[in-house]
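Asker: Got a structure for you, entry.csv, holding CSV, C-alpha atoms.
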chain,number,residue,atom,x,y,z
A,220,MET,CA,234.5,4.9,2.2
A,221,ILE,CA,233.1,1.5,1.2
A,222,ILE,CA,229.6,2.8,1.1
A,223,LYS,CA,230.6,5.8,-0.9
A,224,ASN,CA,232.4,3.7,-3.5
A,225,ALA,CA,229.4,1.3,-3.7
A,226,LEU,CA,227.1,4.3,-4.3
A,227,ILE,CA,229.4,5.6,-7.1
A,228,LYS,CA,229.5,2.2,-8.8
A,229,LEU,CA,225.7,2.0,-8.5
A,230,THR,CA,225.3,5.4,-10.0
A,231,ILE,CA,227.5,4.5,-13.0
A,232,LEU,CA,225.6,1.3,-13.6
A,233,LEU,CA,222.3,3.2,-13.5
A,234,ILE,CA,223.6,5.8,-15.9
A,235,THR,CA,224.9,3.0,-18.2
A,236,PHE,CA,221.5,1.2,-18.1
A,237,ASN,CA,219.7,4.5,-18.7
A,238,THR,CA,221.9,5.2,-21.7
A,239,HIS,CA,221.3,1.7,-23.3
A,240,LEU,CA,217.6,2.0,-22.5
A,241,PHE,CA,217.4,5.4,-24.1
A,242,ALA,CA,219.2,4.1,-27.3
A,243,GLN,CA,216.5,1.3,-27.6
A,244,ASN,CA,213.7,3.8,-27.1
A,245,ALA,CA,215.2,6.2,-29.5
A,246,LYS,CA,215.3,3.5,-32.1
A,247,GLU,CA,211.5,3.0,-31.7
A,248,LYS,CA,210.6,6.7,-31.6
A,249,GLN,CA,210.9,9.0,-34.5
A,250,ILE,CA,213.0,11.8,-33.2
A,251,LEU,CA,214.5,14.7,-35.1
A,252,TRP,CA,218.0,14.6,-33.6
A,253,THR,CA,219.8,17.3,-35.5
A,254,THR,CA,219.5,20.3,-37.8
A,255,ASP,CA,222.0,22.7,-39.5
A,256,TRP,CA,221.5,25.9,-41.5
A,257,SER,CA,223.7,26.1,-44.6
A,258,PRO,CA,226.4,28.8,-44.4
A,259,ASN,CA,225.0,30.5,-47.5
A,260,GLY,CA,221.6,30.6,-45.8
A,261,LYS,CA,219.7,28.9,-48.6
A,262,PHE,CA,219.1,25.4,-47.1
A,263,ILE,CA,218.2,23.7,-43.8
A,264,ALA,CA,219.3,20.1,-43.2
A,265,ILE,CA,217.2,17.9,-40.8
A,266,GLY,CA,218.0,14.4,-39.6
A,267,GLY,CA,216.9,11.8,-37.0
A,268,ASN,CA,215.7,8.3,-37.0
A,269,ILE,CA,213.2,8.8,-39.8
A,270,ASP,CA,215.3,6.9,-42.4
A,271,SER,CA,216.2,10.0,-44.4
A,272,LEU,CA,218.1,13.2,-44.4
A,273,LYS,CA,215.8,16.0,-45.5
A,274,ILE,CA,217.0,19.3,-47.1
A,275,TYR,CA,214.6,22.2,-47.1
A,276,ASP,CA,214.6,25.4,-49.0
A,277,ALA,CA,215.1,28.0,-46.2
A,278,LYS,CA,213.0,30.7,-47.9
A,279,SER,CA,209.9,28.6,-48.9
A,280,LEU,CA,210.4,25.9,-46.2
A,281,LYS,CA,209.5,23.4,-49.0
A,282,LEU,CA,211.3,20.1,-49.2
A,283,TYR,CA,214.2,20.5,-51.6
A,284,LYS,CA,215.9,17.1,-51.5
A,285,SER,CA,215.7,13.9,-49.5
A,286,PHE,CA,218.5,11.2,-49.1
A,287,ALA,CA,217.6,7.8,-47.8
A,288,ILE,CA,219.6,6.9,-44.8
A,289,LYS,CA,218.5,4.0,-42.6
A,290,GLY,CA,218.6,4.1,-38.8
A,291,THR,CA,219.5,7.3,-36.9
A,292,ILE,CA,221.2,10.4,-38.1
A,293,THR,CA,222.7,11.8,-34.9
A,294,ARG,CA,224.4,14.9,-36.3
A,295,VAL,CA,224.7,16.9,-39.5
A,296,LYS,CA,227.3,19.6,-40.1
A,297,TRP,CA,227.6,21.8,-43.2
A,298,HIS,CA,231.0,22.5,-44.6
A,299,PRO,CA,232.1,26.1,-44.0
A,300,ASN,CA,232.1,27.1,-47.6
A,301,LYS,CA,231.0,24.1,-49.8
A,302,ASN,CA,227.6,22.7,-50.5
A,303,VAL,CA,228.7,19.5,-48.7
A,304,ILE,CA,227.1,18.0,-45.5
A,305,ALA,CA,228.9,15.7,-43.0
A,306,VAL,CA,226.5,13.2,-41.6
A,307,ALA,CA,227.0,11.0,-38.4
A,308,THR,CA,224.9,7.9,-37.9
A,309,GLN,CA,224.2,5.2,-35.4
A,310,ILE,CA,221.9,2.1,-35.2
A,311,SER,CA,222.3,2.1,-38.9
A,312,ASP,CA,223.6,0.0,-41.8
A,313,ASP,CA,224.7,3.3,-43.4
A,314,LYS,CA,228.1,4.6,-42.4
A,315,ALA,CA,228.9,8.2,-41.6
A,316,MET,CA,229.3,10.1,-44.9
A,317,LEU,CA,229.8,13.2,-46.9
A,318,LEU,CA,226.9,14.3,-49.1
A,319,ASN,CA,227.5,16.7,-52.0
A,320,LEU,CA,224.2,18.5,-52.7
A,321,ASP,CA,225.5,19.8,-56.1
A,322,THR,CA,226.3,16.4,-57.5
A,323,ASN,CA,224.1,14.2,-55.2
A,324,SER,CA,227.2,12.1,-54.6
A,325,LYS,CA,228.1,10.3,-51.4
A,326,ILE,CA,231.4,9.4,-49.8
A,327,GLU,CA,231.4,6.9,-47.0
A,328,LEU,CA,233.8,7.7,-44.1
A,329,ASN,CA,235.7,4.5,-43.1
A,330,GLY,CA,237.3,3.6,-39.8
A,331,ILE,CA,234.5,4.6,-37.5
A,332,SER,CA,233.0,2.3,-34.9
A,333,PRO,CA,230.3,-0.2,-36.1
A,334,ASP,CA,228.2,1.2,-33.3
A,335,GLY,CA,228.2,4.6,-35.0
A,336,ALA,CA,229.0,8.1,-33.8
A,337,ARG,CA,227.3,11.1,-32.4
A,338,GLY,CA,230.0,13.8,-32.8
A,339,ILE,CA,231.1,15.3,-36.1
A,340,ASP,CA,232.6,18.7,-37.0
A,341,TRP,CA,234.7,20.5,-39.5
A,342,ASN,CA,237.7,22.6,-38.5
A,343,TYR,CA,237.6,26.3,-38.9
A,344,ASN,CA,238.5,26.4,-42.6
A,345,GLY,CA,236.9,23.1,-43.6
A,346,GLU,CA,240.3,21.5,-44.4
A,347,PHE,CA,239.7,18.7,-41.9
A,348,LEU,CA,236.8,16.7,-40.5
A,349,THR,CA,236.6,14.8,-37.3
A,350,VAL,CA,234.2,12.0,-36.3
A,351,ALA,CA,233.9,11.1,-32.6
A,352,ASP,CA,232.4,7.7,-32.2
A,353,ASN,CA,230.6,5.5,-29.7
A,354,ASP,CA,233.8,3.5,-28.9
A,355,GLY,CA,235.6,6.6,-27.7
A,356,GLN,CA,237.7,6.9,-30.9
A,357,ILE,CA,238.3,10.0,-33.0
A,358,THR,CA,238.8,9.7,-36.7
A,359,LEU,CA,240.4,12.5,-38.7
A,360,PHE,CA,239.6,13.0,-42.4
A,361,ASP,CA,240.5,15.5,-45.1
A,362,ASP,CA,237.8,17.4,-46.9
A,363,LYS,CA,237.5,14.7,-49.5
A,364,GLY,CA,236.8,12.0,-46.9
A,365,GLU,CA,240.2,10.4,-47.0
A,366,LEU,CA,241.3,8.9,-43.7
A,367,ILE,CA,244.3,10.7,-42.1
A,368,ARG,CA,244.5,9.1,-38.6
A,369,LYS,CA,242.6,7.6,-35.8
A,370,PHE,CA,243.2,7.9,-32.1
A,371,ALA,CA,241.6,7.4,-28.7
A,372,ASN,CA,239.8,10.1,-26.8
A,373,GLU,CA,242.1,9.2,-23.9
A,374,ASN,CA,244.2,6.1,-23.1
A,375,ASN,CA,242.1,3.2,-21.8
A,376,SER,CA,238.9,5.1,-22.2
A,377,THR,CA,236.2,3.5,-24.3
A,378,LYS,CA,233.4,5.8,-23.2
A,379,GLY,CA,231.3,6.9,-26.2
A,380,ILE,CA,231.8,10.5,-27.3
A,381,THR,CA,228.6,12.5,-27.5
A,382,ALA,CA,229.9,15.7,-29.1
A,383,ILE,CA,233.0,17.4,-30.6
A,384,ASP,CA,233.8,21.0,-31.5
A,385,TRP,CA,236.9,22.5,-33.1
A,386,HIS,CA,238.6,25.7,-31.9
A,387,PRO,CA,237.6,28.6,-34.2
A,388,SER,CA,241.2,29.4,-35.2
A,389,LYS,CA,243.4,26.5,-34.0
A,390,ASN,CA,243.6,22.9,-34.9
A,391,ILE,CA,242.6,21.7,-31.5
A,392,PHE,CA,239.1,20.5,-30.4
A,393,VAL,CA,237.0,19.7,-27.4
A,394,THR,CA,235.2,16.4,-26.9
A,395,VAL,CA,232.6,15.6,-24.3
A,396,SER,CA,231.5,12.2,-22.8
A,397,ASP,CA,232.0,11.3,-19.2
A,398,LYS,CA,234.5,14.1,-19.0
A,399,ILE,CA,235.6,17.1,-21.0
A,400,ARG,CA,238.8,16.6,-23.0
A,401,ILE,CA,240.9,19.0,-25.2
A,402,LEU,CA,243.0,17.3,-27.9
A,403,SER,CA,245.2,18.3,-30.8
A,404,MET,CA,244.5,17.0,-34.3
A,405,ASP,CA,247.6,14.9,-33.9
A,406,GLY,CA,245.9,13.0,-31.1
A,407,ASN,CA,247.7,14.5,-28.2
A,408,LEU,CA,245.6,14.9,-25.1
A,409,LEU,CA,246.1,18.4,-23.8
A,410,GLN,CA,243.7,18.4,-20.9
A,411,THR,CA,241.0,16.4,-19.1
A,412,ILE,CA,238.3,18.1,-17.0
A,413,LYS,CA,235.9,16.4,-14.7
A,414,HIS,CA,232.9,18.8,-15.0
A,415,ARG,CA,231.1,17.9,-11.8
A,416,GLU,CA,231.4,15.7,-8.7
A,417,GLU,CA,228.6,13.3,-9.9
A,418,ASP,CA,229.1,10.9,-12.7
A,419,VAL,CA,226.8,12.6,-15.3
A,420,LEU,CA,227.1,12.3,-19.0
A,421,LEU,CA,227.9,15.4,-21.1
A,422,LEU,CA,225.9,15.9,-24.3
A,423,SER,CA,226.9,19.2,-26.0
A,424,VAL,CA,229.8,21.6,-26.4
A,425,ALA,CA,230.3,24.9,-28.3
A,426,TRP,CA,233.5,26.9,-28.5
A,427,HIS,CA,233.0,30.6,-28.6
A,428,LYS,CA,234.0,32.5,-31.8
A,429,SER,CA,236.9,34.2,-29.9
A,430,GLY,CA,238.4,30.9,-28.8
A,431,PHE,CA,238.8,32.3,-25.3
A,432,PHE,CA,236.2,30.0,-23.8
A,433,PHE,CA,233.7,27.2,-24.5
A,434,VAL,CA,230.4,26.0,-23.1
A,435,THR,CA,229.2,22.5,-22.2
A,436,GLY,CA,225.8,21.1,-21.4
A,437,ASP,CA,225.1,17.8,-19.6
A,438,TYR,CA,222.4,15.2,-19.2
A,439,GLY,CA,221.6,15.6,-15.6
A,440,TYR,CA,220.2,12.5,-13.9
A,441,ASP,CA,217.4,11.9,-11.5
A,442,THR,CA,218.1,14.4,-8.6
A,443,TYR,CA,221.1,15.9,-10.4
A,444,LYS,CA,220.1,19.0,-12.4
A,445,SER,CA,221.4,19.5,-15.9
A,446,LEU,CA,224.2,21.9,-16.0
A,447,LEU,CA,225.2,24.6,-18.5
A,448,GLN,CA,228.9,25.5,-17.8
A,449,TYR,CA,231.2,28.1,-19.2
A,450,TRP,CA,234.9,27.2,-19.3
A,451,ASP,CA,238.0,29.3,-20.2
A,452,GLU,CA,240.6,27.9,-22.7
A,453,GLN,CA,242.7,26.6,-19.8
A,454,GLY,CA,239.7,24.6,-18.5
A,455,ASN,CA,238.8,26.8,-15.5
A,456,LEU,CA,235.1,27.1,-14.7
A,457,ILE,CA,233.7,30.6,-15.3
A,458,LYS,CA,230.0,30.3,-14.9
A,459,LEU,CA,227.4,27.6,-14.0
A,460,THR,CA,223.6,27.5,-14.3
A,461,ASP,CA,221.1,24.7,-13.5
A,462,ILE,CA,217.8,26.2,-14.5
A,463,SER,CA,216.9,23.7,-17.2
A,464,LYS,CA,214.4,20.9,-16.5
A,465,GLY,CA,215.8,18.8,-19.3
A,466,GLU,CA,219.2,17.8,-20.7
A,467,TYR,CA,221.1,20.1,-23.0
A,468,ARG,CA,221.0,18.3,-26.3
A,469,ASN,CA,222.7,20.9,-28.4
A,470,LEU,CA,224.4,24.3,-28.2
A,471,THR,CA,225.2,26.8,-30.9
A,472,TRP,CA,226.6,30.4,-31.1
A,473,ASN,CA,225.1,33.0,-33.4
A,474,PRO,CA,227.5,34.3,-36.2
A,475,GLU,CA,228.4,37.4,-34.1
A,476,GLY,CA,229.3,35.3,-31.1
A,477,ASN,CA,227.2,37.4,-28.6
A,478,ARG,CA,224.3,34.9,-28.3
A,479,LEU,CA,224.3,31.2,-27.4
A,480,ALA,CA,221.2,29.1,-28.1
A,481,SER,CA,220.5,26.0,-26.2
A,482,ALA,CA,218.1,23.1,-26.9
A,483,SER,CA,216.6,21.4,-23.9
A,484,ASP,CA,213.1,21.6,-22.4
A,485,ALA,CA,212.9,25.1,-23.9
A,486,LEU,CA,214.8,27.3,-26.3
A,487,ARG,CA,217.1,29.6,-24.3
A,488,ILE,CA,219.3,32.4,-25.4
A,489,TRP,CA,222.4,33.3,-23.3
A,490,ASP,CA,225.0,36.0,-23.5
A,491,GLU,CA,228.8,35.6,-23.5
A,492,LYS,CA,228.9,35.7,-19.7
A,493,GLY,CA,226.3,33.0,-19.2
A,494,ASN,CA,223.4,35.3,-18.4
A,495,LEU,CA,219.9,34.2,-19.6
A,496,ILE,CA,218.5,36.8,-22.1
A,497,SER,CA,215.3,35.1,-23.3
A,498,GLU,CA,213.4,31.9,-23.2
A,499,GLY,CA,211.0,30.2,-25.6
A,500,LYS,CA,208.6,27.7,-24.1
A,501,SER,CA,208.2,24.4,-25.8
A,502,LYS,CA,205.7,21.6,-25.2
A,503,GLU,CA,208.3,19.1,-26.5
A,504,TYR,CA,212.0,18.5,-25.7
A,505,LEU,CA,214.1,20.3,-28.3
A,506,TRP,CA,217.1,18.4,-29.8
A,507,GLY,CA,218.5,20.0,-33.0
A,508,ILE,CA,219.3,23.7,-33.1
A,509,SER,CA,220.9,26.1,-35.6
A,510,TRP,CA,221.1,29.9,-36.3
A,511,ASN,CA,220.7,31.3,-39.8
A,512,LYS,CA,223.7,33.2,-41.4
A,513,ASN,CA,222.6,36.7,-40.2
A,514,GLY,CA,221.7,35.6,-36.7
A,515,LYS,CA,218.1,36.7,-36.9
A,516,LYS,CA,216.4,33.3,-36.9
A,517,ILE,CA,216.8,29.9,-35.2
A,518,ILE,CA,215.6,26.5,-36.3
A,519,THR,CA,214.9,23.7,-33.8
A,520,SER,CA,213.9,20.1,-34.2
A,521,SER,CA,212.2,18.1,-31.5
A,522,ILE,CA,211.6,14.7,-29.9
A,523,ALA,CA,208.1,14.8,-31.5
A,524,GLN,CA,209.2,15.5,-35.1
A,525,THR,CA,208.3,19.2,-34.9
A,526,ILE,CA,210.4,21.7,-36.8
A,527,SER,CA,210.2,25.2,-35.5
A,528,ILE,CA,211.4,28.6,-36.6
A,529,TRP,CA,212.1,31.2,-33.9
A,530,ASN,CA,213.4,34.8,-33.9
A,531,LYS,CA,216.6,35.8,-32.2
A,532,ASN,CA,214.6,36.6,-29.0
A,533,ALA,CA,213.3,33.0,-28.8
A,534,GLU,CA,209.8,34.0,-29.9
A,535,LEU,CA,208.1,31.2,-32.0
A,536,LEU,CA,207.4,32.3,-35.5
A,537,MET,CA,206.1,29.0,-37.0
A,538,ASN,CA,206.1,25.3,-37.0
A,539,PHE,CA,206.3,23.3,-40.2
A,540,GLU,CA,206.0,19.6,-41.3
Spell out the structure here as C-alpha cells.

Answerer:
Amino acid sequence: MIIKNALIKLTILLITFNTHLFAQNAKEKQILWTTDWSPNGKFIAIGGNIDSLKIYDAKSLKLYKSFAIKGTITRVKWHPNKNVIAVATQISDDKAMLLNLDTNSKIELNGISPDGARGIDWNYNGEFLTVADNDGQITLFDDKGELIRKFANENNSTKGITAIDWHPSKNIFVTVSDKIRILSMDGNLLQTIKHREEDVLLLSVAWHKSGFFFVTGDYGYDTYKSLLQYWDEQGNLIKLTDISKGEYRNLTWNPEGNRLASASDALRIWDEKGNLISEGKSKEYLWGISWNKNGKKIITSSIAQTISIWNKNAELLMNFE
C-alpha cells in the first residue's frame, strides 16, 4: 500500500511538472490553439499564441479582421446568434473578453484568475457565458459581460479547468480537469466522475445535441493511452476507445449531431455510438477544430500554425496561411 501511494504521488508530480513545462514551451512556440466557425457560416476565428485573434472570410479565406491580443488565446466561442466572440486567454496581459465584430468594441470579463482560463462557452440560447479558469473557478456572466456569480469547480479543488460545455437545452454544464464534474449555473455540484484509474488530465468535452450523453477526451501520459469516452447524462460510461497516438485537444459535434470530430494526432470522425467512421492523417498535432453551419466542412488549426479545411469525410481539401 505504501509503495502504491508513493507511485500515485510520483505520477501526480510528474503530470504537474509536465503541465508546467508544456505551458512554458507553449509560450515559446507559436501554436494555433483554437478555431470556431461563425453560426451564420460567414467567418472563421483563429487564435493561439500569435499575439492576435484573426477573423477570416469563410468563402474567400482572406483575412477579414485582426485584433491584437498579447499572449495566448486558449479558446474562442462564437455567440449562438450574434456577431460576438467570447475569448479566453492565458499567459497574457489581456483579460478574457467579448469582441463585437460589428462595432469592433471589446468588453473585458472581470473576476477571472490572473493565470487565465482555458474553458469558455455560451449556454444554449446565448443568455449566459461561463469562463472556467486555471484556478479551478467558474465565472458566470450575462450576454453583455456583466458578472453574475463566481464559484469553485468543487470544494477544496484548485485544479485548473481545461474545458467546459453547456447542456444543449438545460442550464447545467460539464467541466473537465483532473475529473469530470457536472454543475448547475447556480454553482451546485451535481456529480463528480473519475474517468480512469490513472491520474490523467482531461482536455476536452462535448455534449451531444440530444443532451442524453457527452464525450470527453484526455491527455494520456507516457504509457497511458489517450482515451475518448462516451458518458450518459447520469455519468455512466457507454463507450471507450484508445486508438489515438496523441491527446484529444478538442471535440465538436456537427450541426445534425450524428458526427463527432476530434483533434489529436489526426482528424477523426466518430458516430453517436463511438464508432470510428473516417480518419484524416496529419503531419502535425491538431488543436483547434470546428464544423461549418451545414456540416459539410471542418476547419482545424495545428501546433505548427497550419490552418486546414477538410470535408465531412476527413479528406483534406486545402491548407492556407

Asker: Once you count all atoms listed in the file, what closest atom pair and distance in Å to one decimal does each residue of range 389-471 of chain A within 12 Å of range 286-310 of chain A have, with rows by chain and rising residue number, as JSON lines?

Answerer:
{"residue": "A:Leu422", "atom": "CA", "partner": "A:Thr293", "partner_atom": "CA", "distance": 11.8}
{"residue": "A:Ser423", "atom": "CA", "partner": "A:Arg294", "partner_atom": "CA", "distance": 11.4}
{"residue": "A:Arg468", "atom": "CA", "partner": "A:Thr293", "partner_atom": "CA", "distance": 10.9}
{"residue": "A:Asn469", "atom": "CA", "partner": "A:Arg294", "partner_atom": "CA", "distance": 10.1}
{"residue": "A:Thr471", "atom": "CA", "partner": "A:Lys296", "partner_atom": "CA", "distance": 11.9}

Asker: Could you write out that same residue set with C-alpha atoms as a CSV table (one decimal), keeping the file's coordinate frame?

Answerer:
chain,number,residue,atom,x,y,z
A,422,LEU,CA,225.9,15.9,-24.3
A,423,SER,CA,226.9,19.2,-26.0
A,468,ARG,CA,221.0,18.3,-26.3
A,469,ASN,CA,222.7,20.9,-28.4
A,471,THR,CA,225.2,26.8,-30.9

Asker: Scan for residues within 7 Å of the point (231.6, 18.7, -17.3) in the coordinates of the file, using only C-alpha atoms, and reply as JSON, numbers by chain.

Answerer: {"A": [398, 399, 412, 413, 414, 415, 421, 435, 437]}

Asker: Considering only C-alpha atoms, return as a PyMOL selection string whatever protein or nucleic-acid residues lie within 6 Å of Ser445 in chain A, sequence-local ones (same chain, fewer than 3 positions apart) excluded.

Answerer: chain A and resi 437-439+461+466

Asker: Store the residues of this selection in a file with C-alpha atoms, as a short mmCIF file (atom, residue, chain, number, x, y, z; two decimals), in the frame of the given file.

Answerer:
data_model
loop_
_atom_site.label_atom_id
_atom_site.label_comp_id
_atom_site.auth_asym_id
_atom_site.auth_seq_id
_atom_site.Cartn_x
_atom_site.Cartn_y
_atom_site.Cartn_z
CA ASP A 437 225.10 17.80 -19.60
CA TYR A 438 222.40 15.20 -19.20
CA GLY A 439 221.60 15.60 -15.60
CA ASP A 461 221.10 24.70 -13.50
CA GLU A 466 219.20 17.80 -20.70
#

Asker: One number please: CA of Asp313 in chain A to CA of Thr254 in chain A, in Å, one decimal.

Answerer: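 Distance reported for this atom pair: 18.6 Å.
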
Asker: Residues proximal to (244.4, 23.4, -35.0) were defined as those with any atom within 9 Å of that point in the file's coordinates, counting only C-alpha atoms. Which are they, as a PyMOL selection string?

Answerer: chain A and resi 342-343+385-392+403-404

Asker: Which neighbours of Arg478 in chain A fall inside 10 Å, counting only C-alpha atoms, when residues of the same chain fewer than 3 positions from it are skipped, and could you give them as a PDB file with C-alpha atoms, in the coordinates of the input?

Answerer:
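Contents of part.pdb, freshly written:
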ATOM      1  CA  HIS A 427     233.000  30.600 -28.600  1.00  0.00           C
ATOM      2  CA  THR A 471     225.200  26.800 -30.900  1.00  0.00           C
ATOM      3  CA  TRP A 472     226.600  30.400 -31.100  1.00  0.00           C
ATOM      4  CA  ASN A 473     225.100  33.000 -33.400  1.00  0.00           C
ATOM      5  CA  PRO A 474     227.500  34.300 -36.200  1.00  0.00           C
ATOM      6  CA  GLU A 475     228.400  37.400 -34.100  1.00  0.00           C
ATOM      7  CA  SER A 481     220.500  26.000 -26.200  1.00  0.00           C
ATOM      8  CA  ARG A 487     217.100  29.600 -24.300  1.00  0.00           C
ATOM      9  CA  ILE A 488     219.300  32.400 -25.400  1.00  0.00           C
ATOM     10  CA  TRP A 489     222.400  33.300 -23.300  1.00  0.00           C
ATOM     11  CA  ASP A 490     225.000  36.000 -23.500  1.00  0.00           C
ATOM     12  CA  GLU A 491     228.800  35.600 -23.500  1.00  0.00           C
ATOM     13  CA  LYS A 492     228.900  35.700 -19.700  1.00  0.00           C
ATOM     14  CA  GLY A 493     226.300  33.000 -19.200  1.00  0.00           C
ATOM     15  CA  ASN A 494     223.400  35.300 -18.400  1.00  0.00           C
ATOM     16  CA  LEU A 495     219.900  34.200 -19.600  1.00  0.00           C
ATOM     17  CA  ILE A 496     218.500  36.800 -22.100  1.00  0.00           C
ATOM     18  CA  TRP A 510     221.100  29.900 -36.300  1.00  0.00           C
ATOM     19  CA  GLY A 514     221.700  35.600 -36.700  1.00  0.00           C
ATOM     20  CA  LYS A 531     216.600  35.800 -32.200  1.00  0.00           C
ATOM     21  CA  ASN A 532     214.600  36.600 -29.000  1.00  0.00           C
TER      22      ASN A 532
END

Asker: Take CA of Val393 in chain A and CA of Ala425 in chain A and report the distance between them in Å, one decimal.

Answerer: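 Result for CA of Val393 in chain A versus CA of Ala425 in chain A: 8.5 Å, one decimal.
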
Asker: As a PyMOL selection string, please: the residues near Lys284 in chain A (cut-off 8 Å, all atoms listed in the file, same-chain neighbours under 6 positions excluded).

Answerer: chain A and resi 273-275

Asker: With distances taken over all atoms listed in the file, which residue among A:Lys261, A:Lys363, A:Lys458, A:Lys314 lies nearest Trp341 in chain A?

Answerer: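 Ranking A:Lys261, A:Lys363, A:Lys458, A:Lys314 by distance to Trp341 in chain A, first place goes to A:Lys363.
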
Asker: Just give me the gap between CA of Gly266 in chain A and CA of Asn353 in chain A in Å, one decimal is fine.

Answerer: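 Computed distance, CA of Gly266 in chain A to CA of Asn353 in chain A, equals 18.3 Å.
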
Asker: With only C-alpha atoms as the basis for distance, which of A:Ala485, A:Leu359, A:Leu280, A:Ile269 is at the shortest distance from Ile526 in chain A?

Answerer: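 Closest to Ile526 in chain A, using only C-alpha atoms: A:Leu280.
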
Asker: Measuring atom to atom with all atoms listed in the file, identify which of A:Asp276, A:Glu373, A:Leu282, A:Ile522 is nearest to Ser257 in chain A.

Answerer: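 Using all atoms listed in the file, Ser257 in chain A sits closest to A:Asp276.
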
Asker: Restricting the calculation to all atoms listed in the file, which member of A:Ile326, A:Trp529, A:Val419, A:Gly345 is positioned closest to Thr442 in chain A?

Answerer: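 Result for the nearest residue to Thr442 in chain A: A:Val419.
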